[in-house]
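Q: data04.txt is reproduced in full below (compact mmCIF, C-alpha atoms and all ligand atoms).
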```txt
# COMPACT_ATOMS: atom_id res chain seq x y z
CA MET A 146 77.67 89.94 94.08
CA GLU A 147 78.03 92.43 91.24
CA ILE A 148 77.82 96.10 90.43
CA THR A 149 77.10 97.83 87.14
CA LEU A 150 79.01 101.04 86.55
CA ARG A 151 77.73 103.63 84.11
CA SER A 152 80.29 105.11 81.70
CA PRO A 153 83.52 104.84 83.70
CA LEU A 154 85.97 107.66 83.03
CA ASP A 155 89.72 107.76 83.51
CA MET A 156 90.59 111.41 84.03
CA HIS A 157 94.38 111.00 83.67
CA LEU A 158 95.79 108.50 81.20
CA HIS A 159 98.97 107.99 79.17
CA LEU A 160 98.38 106.23 75.87
CA ARG A 161 101.81 107.02 74.35
CA ASP A 162 102.09 106.75 70.57
CA ALA A 163 102.88 104.37 67.70
CA GLU A 164 103.17 100.66 68.59
CA MET A 165 102.81 101.15 72.37
CA MET A 166 99.61 103.12 71.77
CA LYS A 167 98.26 100.28 69.63
CA LEU A 168 98.92 97.83 72.47
CA VAL A 169 97.47 99.86 75.36
CA THR A 170 94.59 101.88 73.88
CA PRO A 171 92.17 98.93 73.51
CA LEU A 172 92.95 97.90 77.10
CA THR A 173 91.39 101.15 78.32
CA ALA A 174 88.78 101.51 75.57
CA GLU A 175 87.34 98.10 76.46
CA THR A 176 86.03 99.17 79.86
CA PHE A 177 86.18 102.97 79.99
CA SER A 178 83.78 105.26 78.20
CA GLY A 179 86.33 108.04 77.95
CA ALA A 180 89.70 109.20 79.22
CA VAL A 181 91.74 112.37 79.55
CA ILE A 182 94.80 111.83 77.38
CA MET A 183 98.08 113.22 78.65
CA PRO A 184 100.12 115.16 76.10
CA ASN A 185 103.67 114.28 77.21
CA LEU A 186 104.69 112.70 73.94
CA VAL A 187 108.09 113.31 72.37
CA PRO A 188 107.74 116.04 71.17
CA PRO A 189 104.80 117.15 73.36
CA VAL A 190 101.35 118.01 71.98
CA THR A 191 101.65 121.79 71.60
CA THR A 192 99.78 122.60 68.39
CA LEU A 193 96.25 122.06 67.19
CA GLU A 194 97.59 120.04 64.27
CA MET A 195 99.44 117.70 66.63
CA LEU A 196 96.35 117.43 68.83
CA HIS A 197 94.06 116.47 65.94
CA ALA A 198 96.57 114.03 64.47
CA TYR A 199 97.12 112.38 67.87
CA LYS A 200 93.38 112.06 68.43
CA GLU A 201 93.01 110.43 65.02
CA ARG A 202 95.74 107.91 65.82
CA ILE A 203 94.07 107.09 69.15
CA LEU A 204 90.71 106.57 67.46
CA GLU A 205 92.36 104.28 64.93
CA SER A 206 94.01 102.22 67.66
CA LYS A 207 90.98 101.82 69.96
CA GLY A 208 89.47 98.99 67.91
CA GLU A 209 85.71 98.49 67.87
CA HIS A 210 85.18 99.85 71.36
CA GLN A 211 83.10 102.94 72.03
CA PHE A 212 85.64 105.32 73.59
CA ASP A 213 86.11 109.09 73.72
CA PRO A 214 89.60 110.49 74.11
CA TYR A 215 89.42 113.88 75.84
CA MET A 216 92.44 115.67 74.43
CA VAL A 217 94.85 117.86 76.39
CA MET A 218 97.44 120.39 75.19
CA PHE A 219 100.87 120.56 76.80
CA PHE A 220 100.98 123.90 78.62
CA LYS A 221 103.39 126.53 77.36
CA ASP A 222 103.44 130.27 76.90
CA TYR A 223 100.60 130.36 74.34
CA THR A 224 99.26 133.52 72.74
CA GLU A 225 95.65 134.55 73.09
CA LYS A 226 95.06 133.62 69.47
CA GLU A 227 96.39 130.10 70.02
CA LEU A 228 94.22 129.64 73.09
CA VAL A 229 91.10 130.83 71.30
CA ALA A 230 91.77 128.42 68.44
CA ALA A 231 92.46 125.46 70.73
CA LYS A 232 89.73 125.97 73.33
CA ASP A 233 86.96 123.90 71.77
CA HIS A 234 89.23 121.02 70.81
CA MET A 235 90.54 120.08 74.22
CA ILE A 236 89.38 119.46 77.76
CA GLY A 237 92.23 121.46 79.28
CA MET A 238 95.94 122.19 79.35
CA LYS A 239 98.48 120.26 81.35
CA LEU A 240 101.30 122.08 83.08
CA TYR A 241 104.46 120.20 83.87
CA PRO A 242 107.25 121.85 85.83
CA ALA A 243 110.28 121.37 83.54
CA GLY A 244 112.02 118.09 84.33
CA ALA A 245 109.52 116.96 87.00
CA THR A 246 108.60 113.67 85.32
CA THR A 247 108.70 111.57 82.13
CA ASN A 248 108.98 113.72 78.96
CA SER A 249 108.51 117.02 80.78
CA GLU A 250 111.71 118.72 79.63
CA ALA A 251 109.65 121.23 77.60
CA GLY A 252 107.64 122.15 80.69
CA VAL A 253 107.61 125.41 82.62
CA ALA A 254 110.82 126.48 84.39
CA GLN A 255 109.34 129.49 86.21
CA ILE A 256 105.64 129.27 87.00
CA ASP A 257 105.38 132.97 87.89
CA SER A 258 106.57 133.87 84.40
CA VAL A 259 103.41 132.43 82.77
CA GLU A 260 100.72 134.02 84.90
CA HIS A 261 99.47 136.02 81.93
CA VAL A 262 98.52 132.68 80.34
CA PHE A 263 96.63 131.63 83.49
CA LYS A 264 94.76 134.92 83.33
CA MET A 265 93.67 134.26 79.75
CA MET A 266 92.73 130.67 80.59
CA GLU A 267 90.65 131.92 83.50
CA GLU A 268 88.79 134.34 81.23
CA MET A 269 88.29 131.73 78.52
CA GLU A 270 87.30 129.03 81.02
CA ILE A 271 90.06 126.64 79.95
CA PRO A 272 90.84 124.16 82.75
CA LEU A 273 94.42 123.94 83.98
CA MET A 274 95.75 120.52 84.93
CA VAL A 275 98.92 120.48 86.97
CA HIS A 276 101.69 118.04 87.79
CA GLY A 277 102.21 119.51 91.25
CA GLU A 278 105.76 118.71 92.28
CA THR A 279 108.72 120.96 93.05
CA HIS A 280 112.33 119.93 92.54
CA GLY A 281 112.82 119.43 96.28
CA PHE A 282 113.44 116.26 98.31
CA VAL A 283 111.44 113.48 96.66
CA MET A 284 109.06 112.87 99.59
CA ASP A 285 108.37 116.60 99.99
CA ARG A 286 107.87 117.63 96.37
CA GLU A 287 104.09 117.55 96.39
CA ALA A 288 103.73 119.12 99.83
CA GLU A 289 106.05 121.95 98.75
CA PHE A 290 103.85 122.58 95.73
CA MET A 291 100.81 123.36 97.92
CA SER A 292 101.83 127.00 98.29
CA ILE A 293 101.84 127.30 94.49
CA TYR A 294 98.32 125.82 94.29
CA GLU A 295 97.24 128.19 97.04
CA HIS A 296 98.69 131.16 95.19
CA LEU A 297 97.08 130.19 91.87
CA ALA A 298 93.71 129.32 93.40
CA THR A 299 93.63 132.68 95.21
CA LYS A 300 94.97 134.90 92.46
CA PHE A 301 92.81 133.28 89.75
CA PRO A 302 89.59 132.39 91.60
CA LYS A 303 87.68 131.48 88.43
CA LEU A 304 90.47 129.35 86.98
CA GLN A 305 89.55 125.66 87.22
CA ILE A 306 92.65 123.88 88.50
CA THR A 307 93.09 120.13 88.74
CA MET A 308 95.77 118.83 91.08
CA GLU A 309 96.74 115.73 89.14
CA HIS A 310 97.50 112.41 90.82
CA ILE A 311 97.56 113.67 94.40
CA THR A 312 99.51 111.57 96.90
CA THR A 313 99.38 113.45 100.19
CA ALA A 314 96.96 114.25 103.02
CA LYS A 315 97.92 117.90 102.49
CA ALA A 316 96.54 117.86 98.95
CA VAL A 317 93.28 116.30 100.17
CA GLY A 318 93.03 119.17 102.68
CA MET A 319 93.38 121.70 99.86
CA LEU A 320 90.17 120.42 98.26
CA ASP A 321 88.19 121.69 101.22
CA ARG A 322 89.92 125.06 101.26
CA PHE A 323 89.60 126.15 97.64
CA GLU A 324 86.45 125.74 95.58
CA ASN A 325 88.32 126.07 92.30
CA LEU A 326 90.65 123.16 93.08
CA LYS A 327 89.79 119.62 92.11
CA ALA A 328 91.98 116.54 91.97
CA THR A 329 92.57 113.17 90.43
CA VAL A 330 93.92 110.22 92.36
CA THR A 331 95.36 106.98 91.01
CA LEU A 332 94.58 103.40 91.98
CA GLN A 333 98.08 102.71 93.25
CA HIS A 334 98.10 105.69 95.62
CA LEU A 335 94.96 104.35 97.30
CA ILE A 336 96.69 101.03 97.92
CA ILE A 337 100.44 101.37 98.35
CA THR A 338 102.92 103.43 100.36
CA LEU A 339 106.64 103.97 99.87
CA ASP A 340 107.14 100.75 101.82
CA ASP A 341 105.63 98.75 98.97
CA VAL A 342 107.95 100.42 96.47
CA ALA A 343 111.23 100.38 98.36
CA GLY A 344 110.71 98.98 101.87
CA GLY A 345 111.69 95.44 100.91
CA PHE A 346 112.82 94.26 97.51
CA LEU A 347 112.74 97.22 95.15
CA LYS A 348 109.57 97.08 92.99
CA PRO A 349 110.16 98.92 89.74
CA HIS A 350 106.60 98.32 88.54
CA LEU A 351 105.29 100.34 91.51
CA PHE A 352 107.67 103.24 90.92
CA CYS A 353 105.93 106.35 89.69
CA LYS A 354 105.87 110.10 90.09
CA PRO A 355 104.77 111.42 92.46
CA ILE A 356 106.23 108.56 94.50
CA ALA A 357 103.85 106.77 96.92
CA LYS A 358 104.03 108.42 100.35
CA ARG A 359 103.32 107.59 104.00
CA PRO A 360 100.48 105.45 105.48
CA GLU A 361 98.67 108.56 106.75
CA ASP A 362 98.73 110.04 103.26
CA ARG A 363 97.32 106.88 101.74
CA GLU A 364 94.64 106.83 104.42
CA ALA A 365 93.55 110.40 103.68
CA LEU A 366 93.41 109.68 99.94
CA LEU A 367 91.53 106.44 100.50
CA GLN A 368 88.92 108.02 102.77
CA ALA A 369 88.33 110.86 100.29
CA ALA A 370 87.94 108.35 97.43
CA LEU A 371 85.72 105.94 99.38
CA GLN A 372 83.44 108.81 100.37
CA ALA A 373 83.52 110.02 96.74
CA HIS A 374 84.62 113.52 97.72
CA PRO A 375 82.74 115.66 95.15
CA ARG A 376 85.92 117.27 93.86
CA LEU A 377 87.94 114.08 93.58
CA MET A 378 87.96 111.96 90.42
CA PHE A 379 89.56 108.73 89.38
CA GLY A 380 92.59 109.28 87.13
CA SER A 381 94.62 106.11 86.74
CA ASP A 382 97.82 107.81 85.54
CA SER A 383 98.32 104.44 83.91
CA ALA A 384 101.72 105.04 82.35
CA PRO A 385 103.08 102.12 80.34
CA HIS A 386 106.79 101.77 79.74
CA PRO A 387 108.45 98.90 77.85
CA ILE A 388 109.72 96.24 80.25
CA SER A 389 113.29 97.11 79.23
CA LYS A 390 112.78 100.63 80.65
CA LYS A 391 111.36 99.33 83.95
CA GLU A 392 113.53 96.32 84.74
CA CYS A 393 116.86 98.04 84.34
CA CYS A 394 119.30 100.35 86.05
CA GLY A 395 117.54 103.72 85.80
CA CYS A 396 113.89 102.62 85.99
CA ALA A 397 111.36 104.94 84.28
CA ALA A 398 108.53 106.32 86.44
CA GLY A 399 105.04 105.02 85.71
CA VAL A 400 102.68 102.26 86.88
CA PHE A 401 100.56 100.42 84.32
CA THR A 402 97.06 99.77 85.72
CA ALA A 403 94.61 100.37 82.87
CA PRO A 404 93.46 96.76 82.29
CA LEU A 405 92.79 95.99 85.95
CA ALA A 406 91.81 99.37 87.34
CA ILE A 407 88.05 98.86 87.41
CA ALA A 408 88.24 95.37 88.93
CA ARG A 409 90.73 96.46 91.58
CA LEU A 410 88.72 99.57 92.47
CA ALA A 411 85.58 97.45 92.88
CA GLN A 412 87.54 95.15 95.20
CA LEU A 413 88.85 98.10 97.21
CA PHE A 414 85.48 99.82 97.57
CA ASP A 415 83.85 96.49 98.46
CA GLU A 416 86.48 95.71 101.12
CA HIS A 417 85.56 99.00 102.79
CA GLY A 418 81.80 98.62 102.36
CA CYS A 419 81.60 101.62 100.02
CA LEU A 420 80.69 100.06 96.67
CA GLU A 421 77.76 102.45 96.31
CA ASN A 422 80.20 105.37 96.07
CA LEU A 423 82.27 103.94 93.22
CA GLN A 424 79.95 105.32 90.52
CA ALA A 425 80.53 108.90 91.69
CA PHE A 426 84.28 108.41 92.03
CA ILE A 427 84.74 106.75 88.66
CA SER A 428 82.38 108.84 86.55
CA ASP A 429 79.73 111.13 88.03
CA ASN A 430 82.10 113.52 89.79
CA ALA A 431 84.15 113.98 86.63
CA GLN A 432 81.02 114.52 84.53
CA LYS A 433 79.92 117.32 86.85
CA LEU A 434 83.33 118.89 87.30
CA TYR A 435 84.24 118.96 83.61
CA GLY A 436 80.75 119.05 82.11
CA VAL A 437 81.47 115.99 79.97
CA LYS A 438 78.67 113.72 78.81
CA PRO A 439 80.15 110.34 77.96
CA GLU A 440 78.25 107.90 75.82
CA SER A 441 76.49 105.15 77.67
CA LYS A 442 78.62 102.15 78.55
CA LEU A 443 77.45 99.75 81.22
CA VAL A 444 80.30 97.87 82.83
CA THR A 445 79.41 94.98 85.10
CA VAL A 446 81.98 93.99 87.70
CA SER A 447 81.44 90.76 89.65
CA LYS A 448 82.95 89.22 92.74
CA GLU A 449 84.83 86.54 90.83
CA SER A 450 88.50 85.61 90.61
CA PHE A 451 90.53 87.47 88.04
CA GLU A 452 94.09 86.44 87.33
CA VAL A 453 96.03 89.48 86.25
CA PRO A 454 98.31 88.56 83.34
CA THR A 455 102.05 88.63 84.05
CA SER A 456 102.41 90.98 81.09
CA TYR A 457 100.51 92.46 78.18
CA ASP A 458 102.30 91.72 74.93
CA GLY A 459 101.84 92.90 71.38
CA HIS A 460 102.98 95.28 68.65
CA GLY A 461 106.57 94.52 69.60
CA HIS A 462 106.07 95.59 73.23
CA LYS A 463 105.76 93.90 76.59
CA VAL A 464 104.30 95.82 79.53
CA VAL A 465 104.01 94.56 83.09
CA PRO A 466 100.88 95.68 84.99
CA MET A 467 100.44 96.29 88.69
CA HIS A 468 99.38 93.06 90.44
CA ALA A 469 101.01 91.04 87.62
CA GLY A 470 100.38 87.32 88.17
CA GLU A 471 98.19 87.96 91.23
CA THR A 472 94.55 87.01 91.62
CA LEU A 473 92.01 89.75 92.27
CA ASP A 474 88.61 89.09 93.88
CA TRP A 475 86.67 91.16 91.37
CA LYS A 476 86.47 90.94 87.61
CA VAL A 477 84.84 92.84 84.76
CA THR A 478 82.24 90.38 83.48
CA GLY A 479 80.24 92.42 81.01
CA VAL A 480 80.30 95.55 78.90
CA LYS A 481 77.22 96.87 77.13
CA CYS A 482 77.08 99.99 75.01
C1 LIG B 1 104.15 109.51 83.79
C2 LIG B 1 104.69 109.02 82.45
O1 LIG B 1 105.37 107.99 82.43
O2 LIG B 1 104.41 109.65 81.42
N1 LIG B 1 104.88 108.88 84.84
C3 LIG B 1 104.51 108.72 86.12
O3 LIG B 1 105.30 108.22 86.92
N2 LIG B 1 103.33 109.09 86.55
C4 LIG B 1 104.21 110.99 83.85
C5 LIG B 1 103.46 111.61 84.99
O4 LIG B 1 102.22 111.62 85.01
O5 LIG B 1 104.12 112.10 85.90
ZN ZN B 2 100.56 111.10 84.35
```
For this file, write the structure as structure tokens.
Ligand code: NCD
Ligand code: ZN
A:
Amino acid sequence: MEITLRSPLDMHLHLRDAEMMKLVTPLTAETFSGAVIMPNLVPPVTTLEMLHAYKERILESKGEHQFDPYMVMFFKDYTEKELVAAKDHMIGMKLYPAGATTNSEAGVAQIDSVEHVFKMMEEMEIPLMVHGETHGFVMDREAEFMSIYEHLATKFPKLQITMEHITTAKAVGMLDRFENLKATVTLQHLIITLDDVAGGFLKPHLFCKPIAKRPEDREALLQAALQAHPRLMFGSDSAPHPISKKECCGCAAGVFTAPLAIARLAQLFDEHGCLENLQAFISDNAQKLYGVKPESKLVTVSKESFEVPTSYDGHGHKVVPMHAGETLDWKVTGVKC
């Protein structure tokens, strides 16, 4: 059995920079036609110069693969002039509450203090991507953020808002309440719950932000993905960290899934008899929601064993993927541009 996917897109991806970028970029570029590149570098991508330079470095590191990086600016209190200049060079702006996750220290401390920027973005049709977590109790952070999404979606009805990497049934419910809300969901949040992270031996390679939640949350996310909810898109949030930052005291948040995401998604959709909906979830929905037209890339995935490497090594780095050393039932067997 096999399926051929047309131009898979990863709508939320961390490629990092320098040597790590050189290791991980080809691992996405091989099988994805394009990806939305998160701007949480150190320092974050906040100027057009930084954006162009970062894009150039990504294009240099992608190898021979056909791959479009959709660039994102790190949200801050920009002037109208800065927004006008940046608009055509990016797919959107990513807002991080200050301190909510990896490299977000330069994020927004008070969301209500930047509403004038949302207003301008609404008028200019610049999409807003949001890391939707408060600073509350770790399991409640996303749920507590729903009132902020509700406020923004109501006050700025034309502003296109993406709830990034949603992890709760509440967030899925928001998609049906507000037309201007869309969302990305990761692979791991369709598969794991908090139990897999911390219910037995602690699994640092499954630790990410937002943290995986309860079985009923996973179920709601999974059903929405399997049915290819028209405002839900695949965004891996593949977030590589060097092994020394994961297997240590003070583990960094981030799960690395890029090289196995397509195979594992095919397995998941097949297990639930929904393979026919994978195309919409992994590309078509995003194309419609963002108006992107990726170049043609036909990716064939077959029901064949695929041994996930125990680590991906190179350029002085070693990164451990999800499902390291395990055997998946599906495998990418062909890519045609
Ligand atoms: C991401 C990272 O490492 O940059 N980590 C994560 O756990 N998801 C940041 C993010 O998307 O929150
Ligand atoms: Zn992320």
Q: 7 Å from ligand ZN 2 (chain B) is the threshold here; counting all atoms listed in the file, which polymer residues fall inside it? Answer as a PyMOL selection string.
A: chain A and resi 157-159+183+382+384
Q: Please tabulate, as JSON lines, the residues of range 187-222 of chain A that come within 10 Å of range 272-286 of chain A, each with its closest pair of atoms and the distance in Å to one decimal, counting all atoms listed in the file and ordering rows by chain, then residue number upward.
A:
```
{"residue": "A:Val217", "atom": "CA", "partner": "A:Met274", "partner_atom": "CA", "distance": 9.0}
{"residue": "A:Met218", "atom": "CA", "partner": "A:Met274", "partner_atom": "CA", "distance": 9.9}
{"residue": "A:Phe219", "atom": "CA", "partner": "A:Met274", "partner_atom": "CA", "distance": 9.6}
{"residue": "A:Phe220", "atom": "CA", "partner": "A:Leu273", "partner_atom": "CA", "distance": 8.5}
```
Q: Using all atoms listed in the file, what are the residues with an atom within 10 Å of ligand LIG 1 (chain B), set out as a PyMOL selection string?
A: chain A and resi 157-161+183-186+241+245-249+275-278+309-310+331+351-356+381-386+397-401
Q: Name the residues in contact with range 340-350 of chain A at a cut-off of 8 Å, using only C-alpha atoms, excluding same-chain residues fewer than 5 positions from it; report them as a PyMOL selection string.
A: chain A and resi 357+391-392+396+399-401+465-467
Q: If I take CA of Lys226 in chain A and CA of Glu201 in chain A, how far is one from the other in Å, to one decimal?
A: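 Here the two named atoms are 23.7 Å from each other.
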Q: Excluding range 413-422 of chain A and any residue of its chain fewer than 5 positions from it, enumerate the residues within 7 Å of it, using all atoms listed in the file, and give them as a PDB file with C-alpha atoms, in the frame of the given file.
A:
```
ATOM      1  CA  LEU A 371      85.720 105.940  99.380  1.00  0.00           C
ATOM      2  CA  GLN A 372      83.440 108.810 100.370  1.00  0.00           C
ATOM      3  CA  ALA A 373      83.520 110.020  96.740  1.00  0.00           C
TER       4      ALA A 373
END
```
Q: Need the shell around Ser428 in chain A: protein/DNA/RNA residues with any atom at most 10 Å away, counting only C-alpha atoms. Skip same-chain ones fewer than 3 positions apart. Format as a PDB file with C-alpha atoms, in the frame of the given file?
A:
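Okay, out_8.pdb is ready:
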```pdb
ATOM      1  CA  LEU A 150      79.010 101.040  86.550  1.00  0.00           C
ATOM      2  CA  ARG A 151      77.730 103.630  84.110  1.00  0.00           C
ATOM      3  CA  SER A 152      80.290 105.110  81.700  1.00  0.00           C
ATOM      4  CA  PRO A 153      83.520 104.840  83.700  1.00  0.00           C
ATOM      5  CA  LEU A 154      85.970 107.660  83.030  1.00  0.00           C
ATOM      6  CA  ASP A 155      89.720 107.760  83.510  1.00  0.00           C
ATOM      7  CA  MET A 156      90.590 111.410  84.030  1.00  0.00           C
ATOM      8  CA  PHE A 177      86.180 102.970  79.990  1.00  0.00           C
ATOM      9  CA  SER A 178      83.780 105.260  78.200  1.00  0.00           C
ATOM     10  CA  GLY A 179      86.330 108.040  77.950  1.00  0.00           C
ATOM     11  CA  MET A 378      87.960 111.960  90.420  1.00  0.00           C
ATOM     12  CA  PHE A 379      89.560 108.730  89.380  1.00  0.00           C
ATOM     13  CA  LEU A 423      82.270 103.940  93.220  1.00  0.00           C
ATOM     14  CA  GLN A 424      79.950 105.320  90.520  1.00  0.00           C
ATOM     15  CA  ALA A 425      80.530 108.900  91.690  1.00  0.00           C
ATOM     16  CA  ALA A 431      84.150 113.980  86.630  1.00  0.00           C
ATOM     17  CA  GLN A 432      81.020 114.520  84.530  1.00  0.00           C
ATOM     18  CA  LYS A 433      79.920 117.320  86.850  1.00  0.00           C
ATOM     19  CA  VAL A 437      81.470 115.990  79.970  1.00  0.00           C
ATOM     20  CA  LYS A 438      78.670 113.720  78.810  1.00  0.00           C
ATOM     21  CA  PRO A 439      80.150 110.340  77.960  1.00  0.00           C
TER      22      PRO A 439
END
```
Q: Could you give me, as a PyMOL selection string, the residues within 8 Å of Lys303 in chain A, counting all atoms listed in the file and dropping anything in the same chain fewer than 6 positions from it?
A: chain A and resi 267-268+270+325
Q: Please produce a file of the residues just selected, as a PDB file, in the coordinates of the input, where the atoms kept are C-alpha atoms.
A:
```
ATOM      1  CA  GLU A 267      90.650 131.920  83.500  1.00  0.00           C
ATOM      2  CA  GLU A 268      88.790 134.340  81.230  1.00  0.00           C
ATOM      3  CA  GLU A 270      87.300 129.030  81.020  1.00  0.00           C
ATOM      4  CA  ASN A 325      88.320 126.070  92.300  1.00  0.00           C
TER       5      ASN A 325
END
```
Q: Quick one: pull the distance between CA of Ala288 in chain A and CA of Gly318 in chain A, Å, one decimal.
A: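 Atom-to-atom, CA of Ala288 in chain A to CA of Gly318 in chain A, that is 11.1 Å.
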Q: I'd like the neighbourhood of Glu324 in chain A as a list of chain:residue names, where a residue qualifies if any of its atoms comes within 12 Å (using all atoms listed in the file), though same-chain residues fewer than 3 positions away should be ignored.
A: A:Tyr294, A:Glu295, A:Ala298, A:Thr299, A:Phe301, A:Pro302, A:Lys303, A:Leu304, A:Gln305, A:Ile306, A:Thr307, A:Gly318, A:Met319, A:Leu320, A:Asp321, A:Lys327, A:Ala328, A:Pro375, A:Arg376, A:Leu377, A:Leu434
Q: Take the residues from that selection and write them out as an mmCIF file, keeping the file's coordinate frame, keeping C-alpha atoms.
A:
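As written to disk, out_38.cif reads:
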```cif
data_model
loop_
_atom_site.group_PDB
_atom_site.id
_atom_site.type_symbol
_atom_site.label_atom_id
_atom_site.label_comp_id
_atom_site.auth_asym_id
_atom_site.auth_seq_id
_atom_site.Cartn_x
_atom_site.Cartn_y
_atom_site.Cartn_z
ATOM 1 C CA TYR A 294 98.320 125.820 94.290
ATOM 2 C CA GLU A 295 97.240 128.190 97.040
ATOM 3 C CA ALA A 298 93.710 129.320 93.400
ATOM 4 C CA THR A 299 93.630 132.680 95.210
ATOM 5 C CA PHE A 301 92.810 133.280 89.750
ATOM 6 C CA PRO A 302 89.590 132.390 91.600
ATOM 7 C CA LYS A 303 87.680 131.480 88.430
ATOM 8 C CA LEU A 304 90.470 129.350 86.980
ATOM 9 C CA GLN A 305 89.550 125.660 87.220
ATOM 10 C CA ILE A 306 92.650 123.880 88.500
ATOM 11 C CA THR A 307 93.090 120.130 88.740
ATOM 12 C CA GLY A 318 93.030 119.170 102.680
ATOM 13 C CA MET A 319 93.380 121.700 99.860
ATOM 14 C CA LEU A 320 90.170 120.420 98.260
ATOM 15 C CA ASP A 321 88.190 121.690 101.220
ATOM 16 C CA LYS A 327 89.790 119.620 92.110
ATOM 17 C CA ALA A 328 91.980 116.540 91.970
ATOM 18 C CA PRO A 375 82.740 115.660 95.150
ATOM 19 C CA ARG A 376 85.920 117.270 93.860
ATOM 20 C CA LEU A 377 87.940 114.080 93.580
ATOM 21 C CA LEU A 434 83.330 118.890 87.300
#
```
Q: Up to 12 Å from (107.9, 132.4, 89.6) in the file's coordinates: name the residues, counting only C-alpha atoms, as a VMD selection string.
A: chain A and resid 242 253 to 261 279 292 to 293 296 to 297
Q: Calculated over all atoms listed in the file, which of the candidates A:Leu204, A:Met269, A:Cys393, A:Ala231 has the smallest distance to Ala174 in chain A?
A: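 Comparing A:Leu204, A:Met269, A:Cys393, A:Ala231 against Ala174 in chain A, the winner is A:Leu204.
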Q: Quick one: pull the distance between CA of Gly237 in chain A and CA of Met216 in chain A, Å, one decimal.
A: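 Result for CA of Gly237 in chain A versus CA of Met216 in chain A: 7.6 Å, one decimal.
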Q: Counting only C-alpha atoms, which residue out of A:Val446, A:Val229, A:Arg363, A:Ile388 sits closest to His462 in chain A?
A: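 For His462 in chain A, the nearest of the candidates is A:Ile388.
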Q: I'd like to know which of A:Val453, A:Val330, A:Ala365, A:Ile271 is closest to Val317 in chain A, using all atoms listed in the file.
A: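 The closest residue to Val317 in chain A is A:Ala365.
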Q: Kindly provide, as a PyMOL selection string, the polymer residues lying within 12 Å of (108.3, 92.6, 73.3), counting only C-alpha atoms and using the coordinates exactly as they appear in the file.
A: chain A and resi 164-165+168+386-390+456-465
Q: Could you please fill out range 153-163 of chain A with N, CA, C and O atoms and send it back as an mmCIF file, keeping the file's coordinate frame?
A:
```
data_model
loop_
_atom_site.group_PDB
_atom_site.id
_atom_site.type_symbol
_atom_site.label_atom_id
_atom_site.label_comp_id
_atom_site.auth_asym_id
_atom_site.auth_seq_id
_atom_site.Cartn_x
_atom_site.Cartn_y
_atom_site.Cartn_z
ATOM 1 N N PRO A 153 82.307 104.512 82.931
ATOM 2 C CA PRO A 153 83.520 104.840 83.700
ATOM 3 C C PRO A 153 84.436 105.781 82.912
ATOM 4 O O PRO A 153 84.547 105.675 81.686
ATOM 5 N N LEU A 154 85.049 106.696 83.645
ATOM 6 C CA LEU A 154 85.970 107.660 83.030
ATOM 7 C C LEU A 154 87.318 107.585 83.735
ATOM 8 O O LEU A 154 87.376 107.471 84.960
ATOM 9 N N ASP A 155 88.369 107.680 82.948
ATOM 10 C CA ASP A 155 89.720 107.760 83.510
ATOM 11 C C ASP A 155 90.226 109.164 83.215
ATOM 12 O O ASP A 155 90.528 109.497 82.059
ATOM 13 N N MET A 156 90.309 109.986 84.241
ATOM 14 C CA MET A 156 90.590 111.410 84.030
ATOM 15 C C MET A 156 92.079 111.757 83.966
ATOM 16 O O MET A 156 92.442 112.942 83.998
ATOM 17 N N HIS A 157 92.930 110.739 83.845
ATOM 18 C CA HIS A 157 94.380 111.000 83.670
ATOM 19 C C HIS A 157 95.013 109.726 83.125
ATOM 20 O O HIS A 157 95.211 108.755 83.855
ATOM 21 N N LEU A 158 95.317 109.734 81.830
ATOM 22 C CA LEU A 158 95.790 108.500 81.200
ATOM 23 C C LEU A 158 96.896 108.789 80.192
ATOM 24 O O LEU A 158 96.822 109.756 79.431
ATOM 25 N N HIS A 159 97.897 107.911 80.178
ATOM 26 C CA HIS A 159 98.970 107.990 79.170
ATOM 27 C C HIS A 159 98.777 106.869 78.161
ATOM 28 O O HIS A 159 98.811 105.699 78.532
ATOM 29 N N LEU A 160 98.552 107.261 76.912
ATOM 30 C CA LEU A 160 98.380 106.230 75.870
ATOM 31 C C LEU A 160 99.623 106.116 74.989
ATOM 32 O O LEU A 160 99.685 105.243 74.134
ATOM 33 N N ARG A 161 100.588 107.039 75.180
ATOM 34 C CA ARG A 161 101.810 107.020 74.350
ATOM 35 C C ARG A 161 101.452 107.185 72.872
ATOM 36 O O ARG A 161 100.427 107.730 72.524
ATOM 37 N N ASP A 162 102.289 106.580 72.003
ATOM 38 C CA ASP A 162 102.090 106.750 70.570
ATOM 39 C C ASP A 162 102.566 105.486 69.856
ATOM 40 O O ASP A 162 103.103 104.582 70.493
ATOM 41 N N ALA A 163 102.356 105.436 68.569
ATOM 42 C CA ALA A 163 102.880 104.370 67.700
ATOM 43 C C ALA A 163 102.516 102.981 68.228
ATOM 44 O O ALA A 163 101.368 102.739 68.594
#
```
